[in-house]
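Undergrad: Contents of start08.cif (mmCIF, C-alpha atoms and all ligand atoms) are given next:
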data_entry
loop_
_atom_site.label_atom_id
_atom_site.label_comp_id
_atom_site.auth_asym_id
_atom_site.auth_seq_id
_atom_site.Cartn_x
_atom_site.Cartn_y
_atom_site.Cartn_z
CA MET X 12 27.00 -8.70 -18.66
CA THR X 13 26.16 -8.27 -14.99
CA ALA X 14 23.23 -10.28 -13.62
CA ARG X 15 20.10 -8.27 -12.85
CA ASN X 16 19.27 -7.92 -9.20
CA ILE X 17 15.62 -8.34 -8.15
CA SER X 18 16.18 -5.82 -5.38
CA ARG X 19 16.19 -3.19 -8.17
CA PHE X 20 13.06 -4.60 -9.84
CA TRP X 21 11.95 -1.10 -10.94
CA GLU X 22 14.85 -1.03 -13.40
CA TRP X 23 13.76 -4.22 -15.17
CA GLY X 24 11.04 -2.68 -17.36
CA ARG X 25 8.44 -5.24 -16.29
CA LYS X 26 4.67 -4.95 -15.85
CA ILE X 27 2.92 -3.23 -12.95
CA ILE X 28 -0.45 -4.92 -12.44
CA CYS X 29 -2.79 -3.05 -10.12
CA VAL X 30 -5.79 -4.36 -8.22
CA GLY X 31 -8.61 -1.91 -7.52
CA ARG X 32 -11.42 -1.98 -4.95
CA ASN X 33 -9.73 -4.71 -2.88
CA TYR X 34 -10.74 -3.09 0.44
CA ALA X 35 -14.46 -2.74 1.16
CA ASP X 36 -13.95 0.48 3.17
CA HIS X 37 -12.24 2.16 0.19
CA ALA X 38 -14.81 0.89 -2.33
CA LYS X 39 -17.51 2.38 -0.05
CA GLU X 40 -15.83 5.78 0.35
CA LEU X 41 -15.83 6.15 -3.45
CA LYS X 42 -19.37 4.73 -3.68
CA ASN X 43 -18.17 1.76 -5.75
CA ALA X 44 -19.75 -1.70 -5.53
CA ILE X 45 -17.82 -4.46 -3.73
CA PRO X 46 -16.33 -6.49 -6.60
CA ALA X 47 -17.13 -10.19 -7.09
CA GLU X 48 -13.80 -10.63 -8.95
CA PRO X 49 -10.60 -8.51 -8.80
CA VAL X 50 -10.68 -5.24 -10.77
CA LEU X 51 -7.38 -4.97 -12.70
CA PHE X 52 -5.51 -2.23 -14.55
CA LEU X 53 -1.89 -1.67 -15.60
CA LYS X 54 0.81 0.93 -15.19
CA PRO X 55 3.88 1.08 -17.47
CA PRO X 56 7.43 0.87 -16.01
CA SER X 57 7.79 4.62 -16.74
CA ALA X 58 5.38 5.14 -13.81
CA TYR X 59 8.09 4.23 -11.30
CA VAL X 60 9.60 6.96 -9.13
CA ARG X 61 12.08 6.47 -6.32
CA GLU X 62 12.72 8.39 -3.11
CA GLY X 63 14.77 11.50 -3.82
CA SER X 64 12.74 12.33 -6.93
CA PRO X 65 9.36 14.11 -6.77
CA ILE X 66 5.89 12.87 -7.60
CA LEU X 67 4.79 15.14 -10.46
CA VAL X 68 1.20 16.37 -10.68
CA PRO X 69 0.14 16.05 -14.34
CA LEU X 70 -0.92 19.35 -15.89
CA TYR X 71 -4.37 17.97 -16.75
CA THR X 72 -5.54 17.14 -13.20
CA SER X 73 -6.69 19.26 -10.29
CA ASN X 74 -7.42 16.33 -7.96
CA LEU X 75 -4.40 14.03 -7.57
CA HIS X 76 -4.97 11.38 -4.86
CA HIS X 77 -2.59 9.18 -2.89
CA GLU X 78 -3.38 5.47 -2.46
CA VAL X 79 -0.97 3.53 -0.21
CA GLU X 80 -0.65 -0.15 -1.16
CA LEU X 81 1.37 -3.28 -0.50
CA GLY X 82 3.29 -4.29 -3.63
CA VAL X 83 4.21 -7.91 -4.36
CA VAL X 84 7.40 -8.47 -6.38
CA ILE X 85 7.34 -11.60 -8.53
CA GLY X 86 10.49 -13.73 -8.36
CA LYS X 87 9.45 -16.67 -10.52
CA GLY X 88 7.20 -16.30 -13.56
CA GLY X 89 4.30 -18.50 -14.48
CA THR X 90 0.94 -18.96 -16.17
CA ALA X 91 -2.17 -20.40 -14.51
CA ILE X 92 -0.43 -20.58 -11.14
CA ALA X 93 -2.32 -22.56 -8.50
CA GLN X 94 -3.24 -20.70 -5.30
CA SER X 95 -1.52 -23.44 -3.32
CA SER X 96 1.88 -22.68 -4.90
CA ALA X 97 1.38 -18.93 -5.52
CA MET X 98 3.64 -17.76 -2.68
CA GLU X 99 6.58 -19.68 -4.22
CA HIS X 100 6.45 -17.09 -7.04
CA VAL X 101 6.98 -14.16 -4.65
CA ALA X 102 10.51 -12.72 -4.26
CA GLY X 103 9.50 -9.97 -1.85
CA TYR X 104 7.47 -6.85 -1.38
CA ALA X 105 7.56 -3.05 -1.72
CA LEU X 106 5.58 -0.23 -0.22
CA CYS X 107 3.88 1.53 -3.14
CA LEU X 108 1.63 4.46 -3.94
CA ASP X 109 -0.96 4.24 -6.68
CA MET X 110 -1.16 7.95 -7.53
CA THR X 111 -4.52 8.62 -9.16
CA ALA X 112 -5.90 11.65 -11.01
CA ARG X 113 -9.34 11.22 -9.44
CA ASP X 114 -11.09 13.86 -11.55
CA ILE X 115 -9.84 12.18 -14.74
CA GLN X 116 -10.77 8.73 -13.41
CA ASP X 117 -14.32 9.94 -12.64
CA GLU X 118 -14.61 11.35 -16.16
CA CYS X 119 -13.31 8.09 -17.70
CA LYS X 120 -15.73 6.07 -15.56
CA SER X 121 -18.70 8.20 -16.61
CA LYS X 122 -17.77 7.83 -20.30
CA GLY X 123 -16.97 4.11 -20.03
CA LEU X 124 -13.34 4.79 -21.01
CA PRO X 125 -10.18 3.09 -19.65
CA TRP X 126 -8.38 4.64 -16.67
CA THR X 127 -4.97 4.98 -18.36
CA MET X 128 -4.72 8.79 -18.15
CA ALA X 129 -5.81 8.70 -14.49
CA LYS X 130 -3.47 5.95 -13.32
CA ALA X 131 -0.53 5.35 -15.67
CA PHE X 132 1.21 8.75 -16.02
CA ASN X 133 4.91 9.32 -15.26
CA THR X 134 5.64 9.10 -11.48
CA SER X 135 2.25 7.50 -10.74
CA CYS X 136 3.98 4.58 -8.97
CA PRO X 137 6.32 5.70 -6.15
CA VAL X 138 8.04 2.63 -4.62
CA SER X 139 10.15 1.92 -1.55
CA GLU X 140 13.25 -0.19 -1.33
CA PHE X 141 12.75 -3.89 -2.08
CA ILE X 142 11.65 -5.84 1.02
CA PRO X 143 12.89 -9.47 1.00
CA LYS X 144 10.12 -12.04 1.47
CA GLU X 145 11.49 -13.19 4.85
CA HIS X 146 10.97 -9.68 6.30
CA ILE X 147 7.18 -10.04 5.96
CA PRO X 148 6.31 -13.57 7.11
CA ASP X 149 2.54 -12.86 6.96
CA PRO X 150 1.77 -10.41 4.11
CA GLY X 151 -1.93 -10.92 4.79
CA ASN X 152 -1.57 -9.12 8.13
CA VAL X 153 0.58 -6.00 7.84
CA LYS X 154 -0.40 -2.45 8.76
CA LEU X 155 -0.09 0.28 6.11
CA TRP X 156 -0.22 4.01 6.81
CA LEU X 157 0.22 7.29 4.96
CA LYS X 158 0.64 10.87 6.20
CA VAL X 159 0.45 14.13 4.25
CA ASN X 160 2.46 16.93 5.89
CA ASP X 161 2.51 14.89 9.14
CA GLN X 162 -1.28 14.39 9.17
CA LEU X 163 -2.42 10.76 9.14
CA ARG X 164 -4.69 10.13 6.14
CA GLN X 165 -4.63 6.38 5.58
CA SER X 166 -4.29 3.54 8.06
CA GLY X 167 -5.32 -0.01 7.23
CA CYS X 168 -4.31 -3.63 7.44
CA THR X 169 -3.85 -6.13 4.61
CA SER X 170 -6.11 -8.50 6.59
CA GLN X 171 -8.96 -6.30 5.25
CA MET X 172 -8.21 -7.24 1.63
CA ILE X 173 -11.16 -8.87 -0.15
CA PHE X 174 -8.91 -11.04 -2.35
CA SER X 175 -5.77 -12.56 -0.78
CA ILE X 176 -2.32 -12.39 -2.34
CA PRO X 177 -2.34 -16.11 -3.39
CA TYR X 178 -5.79 -15.62 -4.96
CA LEU X 179 -4.62 -12.51 -6.85
CA ILE X 180 -1.48 -14.24 -8.19
CA SER X 181 -3.52 -17.21 -9.35
CA TYR X 182 -6.33 -15.06 -10.84
CA ILE X 183 -4.00 -12.69 -12.71
CA SER X 184 -1.73 -15.44 -14.05
CA ASP X 185 -4.70 -17.21 -15.66
CA PHE X 186 -4.75 -14.56 -18.38
CA ILE X 187 -1.63 -12.37 -17.92
CA SER X 188 1.49 -14.52 -17.54
CA LEU X 189 3.60 -13.27 -14.65
CA GLU X 190 7.32 -12.66 -15.19
CA GLU X 191 10.23 -12.25 -12.81
CA GLY X 192 10.39 -8.55 -11.86
CA ASP X 193 6.65 -7.86 -12.28
CA LEU X 194 4.98 -5.90 -9.48
CA ILE X 195 1.41 -6.40 -8.25
CA LEU X 196 -0.22 -3.49 -6.37
CA THR X 197 -2.81 -5.06 -4.07
CA GLY X 198 -5.24 -2.16 -3.58
CA THR X 199 -5.69 0.62 -1.06
CA PRO X 200 -7.58 0.97 2.23
CA LYS X 201 -9.85 3.98 2.93
CA GLY X 202 -8.62 7.53 3.48
CA VAL X 203 -7.52 8.51 -0.04
CA SER X 204 -7.36 12.30 -0.44
CA ALA X 205 -5.94 15.05 -2.60
CA VAL X 206 -2.31 16.19 -2.58
CA GLN X 207 -0.92 19.55 -3.68
CA GLU X 208 2.36 20.87 -4.99
CA HIS X 209 4.98 21.08 -2.14
CA ASP X 210 3.20 18.48 0.03
CA GLU X 211 5.40 15.93 1.79
CA LEU X 212 4.08 12.36 1.78
CA GLN X 213 5.31 9.78 4.26
CA ALA X 214 4.16 6.18 4.19
CA GLY X 215 5.03 3.01 6.01
CA ILE X 216 4.50 -0.65 6.63
CA GLU X 217 4.45 -0.87 10.43
CA ASP X 218 7.69 -2.29 11.87
CA VAL X 219 9.10 -2.90 8.34
CA ILE X 220 9.78 0.22 6.24
CA THR X 221 8.98 3.90 5.71
CA MET X 222 9.40 6.15 2.68
CA SER X 223 8.95 9.87 1.84
CA PHE X 224 8.14 11.75 -1.33
CA ARG X 225 7.68 15.41 -2.20
CA VAL X 226 4.96 16.53 -4.62
CA ASP X 227 5.84 18.94 -7.43
CA ARG X 228 3.90 20.43 -10.32
CA GLN X 229 4.91 19.24 -13.78
CA ASP X 230 6.39 22.30 -15.50
CA HIS X 231 5.46 21.61 -19.14
C1 LIG S 1 -11.06 3.31 -7.49
C2 LIG S 1 -9.63 3.03 -7.62
O1 LIG S 1 -8.87 3.91 -7.96
C3 LIG S 1 -9.20 1.64 -7.42
C4 LIG S 1 -7.86 1.45 -6.82
O2 LIG S 1 -6.84 1.73 -7.41
C5 LIG S 1 -7.76 0.86 -5.48
O3 LIG S 1 -6.63 0.73 -4.99
O4 LIG S 1 -8.79 0.51 -4.88
MG MG S 2 -5.09 1.65 -6.12
#
Could I get this file's structure written as C-alpha cells?
Ligand SMILES: CC(=O)CC(=O)C(=O)O
Ligand SMILES: [Mg+2]
TA:
Amino acid sequence: MTARNISRFWEWGRKIICVGRNYADHAKELKNAIPAEPVLFLKPPSAYVREGSPILVPLYTSNLHHEVELGVVIGKGGTAIAQSSAMEHVAGYALCLDMTARDIQDECKSKGLPWTMAKAFNTSCPVSEFIPKEHIPDPGNVKLWLKVNDQLRQSGCTSQMIFSIPYLISYISDFISLEEGDLILTGTPKGVSAVQEHDELQAGIEDVITMSFRVDRQDH
C-alpha cells in the first residue's frame, strides 16, 4: 500500500472544522455579536472541491456567499493540545472558501436549527494546493483577498482574527480530538457577497498562492 501524502489532505476523508465570526468586521457586517469563545461547525469531506471543478449552487438557495479563509492542515493529531505546543501539530496551510447558503443560514438561525444545510453541502469547501508550513512563517499575519469576475470583494489580514491559530487548535482539541489530515477553516474577514452561476472567483494569499473557481448551477 502506498503511504498517504499530506499534500493531498482532501483525499484523506478527515474532518473539516470551521470557525465562525473570528473577524470583528465580518461579525459586524452580518449584525452578529463578537463571540467570547470560538463559534464552531463542521463540513464533511464531501464538501471538498478542487480547481478545475466547479462550485455548484445548491438548488435550494438563492443567496450563495463566498467566504475566503486561511485553512490550517493538521499534521500530528492530539487531544487537549496546549497552546504552547499547538504549532507543532500543523503540517501546513491551504487557501479555502467557506461557501455559505446565506438565506438558508438565516432561516436556520431564526429557527434555532443547525447550519448544516447552509454550510456542509457538496462543493462548499473549495481548497487550493497544500502550502507547506515553511512557506508561511507567520500565519497570524497574512493577507487574504477574493475577487468575483475581477472585482475585489474581500481583503483582510489574519492579524485581525479574534482567536489565534494556537488558541483555536487548543480550544478545538479539548473536545474534538484532532487527527492528521484534518483541516481547520479559521473564519472570514468582511466583504462576503452573493455569487451567481457562471461567475469566476479568484482568491489569494498575498505573495503565497492564488486559486480560481467557476460557479455552476446544480442540474438536479
Ligand atoms: C456567519 C458565518 O457564516 C460564520 C462564518 O463562517 C465565518 O467565517 O465567520
Ligand atoms: Mg466561514
Undergrad: Can you work out which residues are within 8 Å of ligand MG 2 (chain S), considering all atoms listed in the file, and then hand them over as a PDB file with C-alpha atoms, in the coordinates of the input?
TA:
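Printed below is result20.pdb as written:
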ATOM      1  CA  CYS X  29      -2.790  -3.050 -10.120  1.00  0.00           C
ATOM      2  CA  VAL X  30      -5.790  -4.360  -8.220  1.00  0.00           C
ATOM      3  CA  GLY X  31      -8.610  -1.910  -7.520  1.00  0.00           C
ATOM      4  CA  ARG X  32     -11.420  -1.980  -4.950  1.00  0.00           C
ATOM      5  CA  GLU X  78      -3.380   5.470  -2.460  1.00  0.00           C
ATOM      6  CA  VAL X  79      -0.970   3.530  -0.210  1.00  0.00           C
ATOM      7  CA  GLU X  80      -0.650  -0.150  -1.160  1.00  0.00           C
ATOM      8  CA  LEU X 108       1.630   4.460  -3.940  1.00  0.00           C
ATOM      9  CA  ASP X 109      -0.960   4.240  -6.680  1.00  0.00           C
ATOM     10  CA  MET X 110      -1.160   7.950  -7.530  1.00  0.00           C
ATOM     11  CA  THR X 111      -4.520   8.620  -9.160  1.00  0.00           C
ATOM     12  CA  LEU X 196      -0.220  -3.490  -6.370  1.00  0.00           C
ATOM     13  CA  THR X 197      -2.810  -5.060  -4.070  1.00  0.00           C
ATOM     14  CA  GLY X 198      -5.240  -2.160  -3.580  1.00  0.00           C
ATOM     15  CA  THR X 199      -5.690   0.620  -1.060  1.00  0.00           C
TER      16      THR X 199
END
Undergrad: So how many Å separate atom CA of Pro177 of chain X and atom CA of His100 of chain X, to one decimal?
TA: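 Pair atom CA of Pro177 of chain X / atom CA of His100 of chain X returns 9.6 Å.
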Undergrad: Identify, on the basis of all atoms listed in the file, every residue whose closest approach to segment 224-229 of chain X does not exceed 12 Å; exclude the query and any residue fewer than 2 positions from it along the same chain; express the result as a count of residues only.
TA: 46
Undergrad: For ligand LIG 1 (chain S), take all atoms listed in the file, fit an axis-aligned box around them, add 5 Å to each of the six sides, then output centre and edge lengths in Å rounded to one decimal, as JSON.
TA:
{"center_x": -8.8, "center_y": 2.2, "center_z": -6.4, "size_x": 14.4, "size_y": 13.4, "size_z": 13.1}
Undergrad: Please compute the atom CA of Gly88 of chain X-atom CA of Thr169 of chain X distance, one decimal, in Å.
TA: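 Interatomic distance, atom CA of Gly88 of chain X to atom CA of Thr169 of chain X: 23.6 Å.
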Undergrad: Counting all atoms listed in the file, which residue out of X:Asp36, X:Glu22, X:Glu217, X:Asp149 sits closest to Pro56 of chain X?
TA: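 Selected residue with least distance to Pro56 of chain X: X:Glu22.
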Undergrad: Can you tell me, as a list in words, what residues are no more than 10 Å from Gly192 of chain X when counting all atoms listed in the file, ignoring any on the same chain fewer than 4 positions away?
TA: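 Answer for this query is Arg15, Asn16, Ile17, Ser18, Arg19, Phe20, Trp21, Glu22, Trp23, Gly24, Arg25, Lys26, Ile27, Val83, Val84, Ile85, Gly86, Lys87, Gly88, Val101 and Ala102 of chain X.
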Undergrad: Just the selected residues (C-alpha atoms), exported as an mmCIF file, in the frame of the given file, please.
TA:
data_model
loop_
_atom_site.group_PDB
_atom_site.id
_atom_site.type_symbol
_atom_site.label_atom_id
_atom_site.label_comp_id
_atom_site.auth_asym_id
_atom_site.auth_seq_id
_atom_site.Cartn_x
_atom_site.Cartn_y
_atom_site.Cartn_z
ATOM 1 C CA ARG X 15 20.100 -8.270 -12.850
ATOM 2 C CA ASN X 16 19.270 -7.920 -9.200
ATOM 3 C CA ILE X 17 15.620 -8.340 -8.150
ATOM 4 C CA SER X 18 16.180 -5.820 -5.380
ATOM 5 C CA ARG X 19 16.190 -3.190 -8.170
ATOM 6 C CA PHE X 20 13.060 -4.600 -9.840
ATOM 7 C CA TRP X 21 11.950 -1.100 -10.940
ATOM 8 C CA GLU X 22 14.850 -1.030 -13.400
ATOM 9 C CA TRP X 23 13.760 -4.220 -15.170
ATOM 10 C CA GLY X 24 11.040 -2.680 -17.360
ATOM 11 C CA ARG X 25 8.440 -5.240 -16.290
ATOM 12 C CA LYS X 26 4.670 -4.950 -15.850
ATOM 13 C CA ILE X 27 2.920 -3.230 -12.950
ATOM 14 C CA VAL X 83 4.210 -7.910 -4.360
ATOM 15 C CA VAL X 84 7.400 -8.470 -6.380
ATOM 16 C CA ILE X 85 7.340 -11.600 -8.530
ATOM 17 C CA GLY X 86 10.490 -13.730 -8.360
ATOM 18 C CA LYS X 87 9.450 -16.670 -10.520
ATOM 19 C CA GLY X 88 7.200 -16.300 -13.560
ATOM 20 C CA VAL X 101 6.980 -14.160 -4.650
ATOM 21 C CA ALA X 102 10.510 -12.720 -4.260
#
Undergrad: Of the candidates X:Ala58, X:Ile115, X:Ile176, X:Leu194, which one gets nearest to ligand LIG 1 (chain S) if we count all atoms listed in the file?
TA: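 Closest candidate: X:Ile115.
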Undergrad: What does the distance between atom CA of Glu145 of chain X and atom CA of Glu190 of chain X come to in Å, to one decimal place?
TA: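 Straight-line distance from atom CA of Glu145 of chain X to atom CA of Glu190 of chain X works out to 20.5 Å.
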Undergrad: I want to know what sits within 10 Å of Thr90 of chain X, based on only C-alpha atoms, with residues of the same chain fewer than 4 positions away left out; could you give that as a list in words?
TA: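 Listing them by chain and then by number gives Ile180, Ser181, Tyr182, Ile183, Ser184, Asp185, Phe186, Ile187, Ser188, Leu189 and Glu190 of chain X.
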Undergrad: Of the candidates X:Lys154, X:Pro200, X:Val219, X:Glu191, which shows the shortest atom-to-atom distance to ligand LIG 1 (chain S), using only C-alpha atoms and all ligand atoms?
TA: X:Pro200
Undergrad: May I have the residues within 6 Å of Ile142 of chain X as a list of chain:residue names, using all atoms listed in the file and disregarding those fewer than 3 positions away in the same chain?
TA: X:Gly103, X:Tyr104, X:Ala105
Undergrad: Tell me which of X:Gln162, X:Ser170, X:Ser95, X:Ser204 sits closest to ligand LIG 1 (chain S), counting all atoms listed in the file.
TA: X:Ser204
Undergrad: Restricting the calculation to only C-alpha atoms and all ligand atoms, which member of X:Ser223, X:Val203, X:Phe141, X:Leu155 is positioned closest to ligand LIG 1 (chain S)?
TA: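 The answer is X:Val203, which sits nearest to ligand LIG 1 (chain S).
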Undergrad: Given the choices X:Pro55, X:Gly202, X:Pro143, X:Pro150, which gets closest to ligand LIG 1 (chain S) if the distance is worked out from all atoms listed in the file?
TA: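 So, comparing all the options, the nearest one is X:Gly202.
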Undergrad: Can you find the residues with an atom no farther than 10 Å from (-10.9, -11.9, -0.8), counting all atoms listed in the file, and report them as a list in words?
TA: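 Looking at atoms near the point gives Asn33, Tyr34, Pro46, Ala47, Glu48, Pro49, Ser170, Gln171, Met172, Ile173, Phe174, Ser175, Ile176, Pro177, Tyr178 and Leu179 of chain X.
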Undergrad: Would you kindly place N, CA and C atoms on segment 190-218 of chain X and return the model as a PDB file, in the coordinates of the input?
TA:
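Saved result, result-v8.pdb, follows:
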ATOM      1  N   GLU X 190       5.882 -12.530 -14.903  1.00  0.00           N
ATOM      2  CA  GLU X 190       7.320 -12.660 -15.190  1.00  0.00           C
ATOM      3  C   GLU X 190       8.100 -12.179 -13.976  1.00  0.00           C
ATOM      4  N   GLU X 191       9.319 -12.699 -13.872  1.00  0.00           N
ATOM      5  CA  GLU X 191      10.230 -12.250 -12.810  1.00  0.00           C
ATOM      6  C   GLU X 191      10.387 -10.733 -12.922  1.00  0.00           C
ATOM      7  N   GLY X 192      10.239 -10.012 -11.823  1.00  0.00           N
ATOM      8  CA  GLY X 192      10.390  -8.550 -11.860  1.00  0.00           C
ATOM      9  C   GLY X 192       9.072  -7.807 -11.977  1.00  0.00           C
ATOM     10  N   ASP X 193       7.964  -8.530 -12.271  1.00  0.00           N
ATOM     11  CA  ASP X 193       6.650  -7.860 -12.280  1.00  0.00           C
ATOM     12  C   ASP X 193       6.302  -7.421 -10.853  1.00  0.00           C
ATOM     13  N   LEU X 194       5.455  -6.400 -10.772  1.00  0.00           N
ATOM     14  CA  LEU X 194       4.980  -5.900  -9.480  1.00  0.00           C
ATOM     15  C   LEU X 194       3.454  -5.914  -9.471  1.00  0.00           C
ATOM     16  N   ILE X 195       2.879  -6.438  -8.407  1.00  0.00           N
ATOM     17  CA  ILE X 195       1.410  -6.400  -8.250  1.00  0.00           C
ATOM     18  C   ILE X 195       1.085  -5.430  -7.112  1.00  0.00           C
ATOM     19  N   LEU X 196       0.283  -4.403  -7.406  1.00  0.00           N
ATOM     20  CA  LEU X 196      -0.220  -3.490  -6.370  1.00  0.00           C
ATOM     21  C   LEU X 196      -1.556  -4.047  -5.889  1.00  0.00           C
ATOM     22  N   THR X 197      -1.697  -4.243  -4.579  1.00  0.00           N
ATOM     23  CA  THR X 197      -2.810  -5.060  -4.070  1.00  0.00           C
ATOM     24  C   THR X 197      -4.034  -4.260  -3.613  1.00  0.00           C
ATOM     25  N   GLY X 198      -4.070  -2.968  -3.923  1.00  0.00           N
ATOM     26  CA  GLY X 198      -5.240  -2.160  -3.580  1.00  0.00           C
ATOM     27  C   GLY X 198      -5.012  -1.326  -2.319  1.00  0.00           C
ATOM     28  N   THR X 199      -5.889  -0.350  -2.151  1.00  0.00           N
ATOM     29  CA  THR X 199      -5.690   0.620  -1.060  1.00  0.00           C
ATOM     30  C   THR X 199      -6.832   0.592  -0.058  1.00  0.00           C
ATOM     31  N   PRO X 200      -6.509   0.801   1.239  1.00  0.00           N
ATOM     32  CA  PRO X 200      -7.580   0.970   2.230  1.00  0.00           C
ATOM     33  C   PRO X 200      -8.161   2.395   2.162  1.00  0.00           C
ATOM     34  N   LYS X 201      -9.152   2.671   2.987  1.00  0.00           N
ATOM     35  CA  LYS X 201      -9.850   3.980   2.930  1.00  0.00           C
ATOM     36  C   LYS X 201      -8.903   5.132   3.343  1.00  0.00           C
ATOM     37  N   GLY X 202      -9.355   6.340   3.048  1.00  0.00           N
ATOM     38  CA  GLY X 202      -8.620   7.530   3.480  1.00  0.00           C
ATOM     39  C   GLY X 202      -7.931   8.251   2.343  1.00  0.00           C
ATOM     40  N   VAL X 203      -8.167   7.833   1.089  1.00  0.00           N
ATOM     41  CA  VAL X 203      -7.520   8.510  -0.040  1.00  0.00           C
ATOM     42  C   VAL X 203      -7.942   9.975  -0.034  1.00  0.00           C
ATOM     43  N   SER X 204      -7.012  10.871  -0.421  1.00  0.00           N
ATOM     44  CA  SER X 204      -7.360  12.300  -0.440  1.00  0.00           C
ATOM     45  C   SER X 204      -6.375  13.022  -1.355  1.00  0.00           C
ATOM     46  N   ALA X 205      -6.702  14.285  -1.611  1.00  0.00           N
ATOM     47  CA  ALA X 205      -5.940  15.050  -2.600  1.00  0.00           C
ATOM     48  C   ALA X 205      -4.601  15.528  -2.055  1.00  0.00           C
ATOM     49  N   VAL X 206      -3.603  15.592  -2.918  1.00  0.00           N
ATOM     50  CA  VAL X 206      -2.310  16.190  -2.580  1.00  0.00           C
ATOM     51  C   VAL X 206      -2.072  17.403  -3.479  1.00  0.00           C
ATOM     52  N   GLN X 207      -1.222  18.305  -2.960  1.00  0.00           N
ATOM     53  CA  GLN X 207      -0.920  19.550  -3.680  1.00  0.00           C
ATOM     54  C   GLN X 207       0.592  19.669  -3.852  1.00  0.00           C
ATOM     55  N   GLU X 208       0.953  20.512  -4.802  1.00  0.00           N
ATOM     56  CA  GLU X 208       2.360  20.870  -4.990  1.00  0.00           C
ATOM     57  C   GLU X 208       2.973  21.268  -3.627  1.00  0.00           C
ATOM     58  N   HIS X 209       4.190  20.822  -3.360  1.00  0.00           N
ATOM     59  CA  HIS X 209       4.980  21.080  -2.140  1.00  0.00           C
ATOM     60  C   HIS X 209       4.581  20.223  -0.940  1.00  0.00           C
ATOM     61  N   ASP X 210       3.522  19.390  -1.074  1.00  0.00           N
ATOM     62  CA  ASP X 210       3.200  18.480   0.030  1.00  0.00           C
ATOM     63  C   ASP X 210       4.325  17.470   0.213  1.00  0.00           C
ATOM     64  N   GLU X 211       4.439  16.998   1.469  1.00  0.00           N
ATOM     65  CA  GLU X 211       5.400  15.930   1.790  1.00  0.00           C
ATOM     66  C   GLU X 211       4.580  14.704   2.177  1.00  0.00           C
ATOM     67  N   LEU X 212       4.768  13.605   1.465  1.00  0.00           N
ATOM     68  CA  LEU X 212       4.080  12.360   1.780  1.00  0.00           C
ATOM     69  C   LEU X 212       5.045  11.423   2.487  1.00  0.00           C
ATOM     70  N   GLN X 213       4.548  10.820   3.562  1.00  0.00           N
ATOM     71  CA  GLN X 213       5.310   9.780   4.260  1.00  0.00           C
ATOM     72  C   GLN X 213       4.403   8.581   4.347  1.00  0.00           C
ATOM     73  N   ALA X 214       4.971   7.389   4.106  1.00  0.00           N
ATOM     74  CA  ALA X 214       4.160   6.180   4.190  1.00  0.00           C
ATOM     75  C   ALA X 214       4.989   5.087   4.836  1.00  0.00           C
ATOM     76  N   GLY X 215       4.287   4.089   5.366  1.00  0.00           N
ATOM     77  CA  GLY X 215       5.030   3.010   6.010  1.00  0.00           C
ATOM     78  C   GLY X 215       4.267   1.702   6.058  1.00  0.00           C
ATOM     79  N   ILE X 216       5.039   0.648   6.224  1.00  0.00           N
ATOM     80  CA  ILE X 216       4.500  -0.650   6.630  1.00  0.00           C
ATOM     81  C   ILE X 216       5.005  -0.801   8.061  1.00  0.00           C
ATOM     82  N   GLU X 217       4.065  -0.888   9.011  1.00  0.00           N
ATOM     83  CA  GLU X 217       4.450  -0.870  10.430  1.00  0.00           C
ATOM     84  C   GLU X 217       5.529  -1.898  10.738  1.00  0.00           C
ATOM     85  N   ASP X 218       6.561  -1.453  11.423  1.00  0.00           N
ATOM     86  CA  ASP X 218       7.690  -2.290  11.870  1.00  0.00           C
ATOM     87  C   ASP X 218       8.557  -2.822  10.716  1.00  0.00           C
TER      88      ASP X 218
END
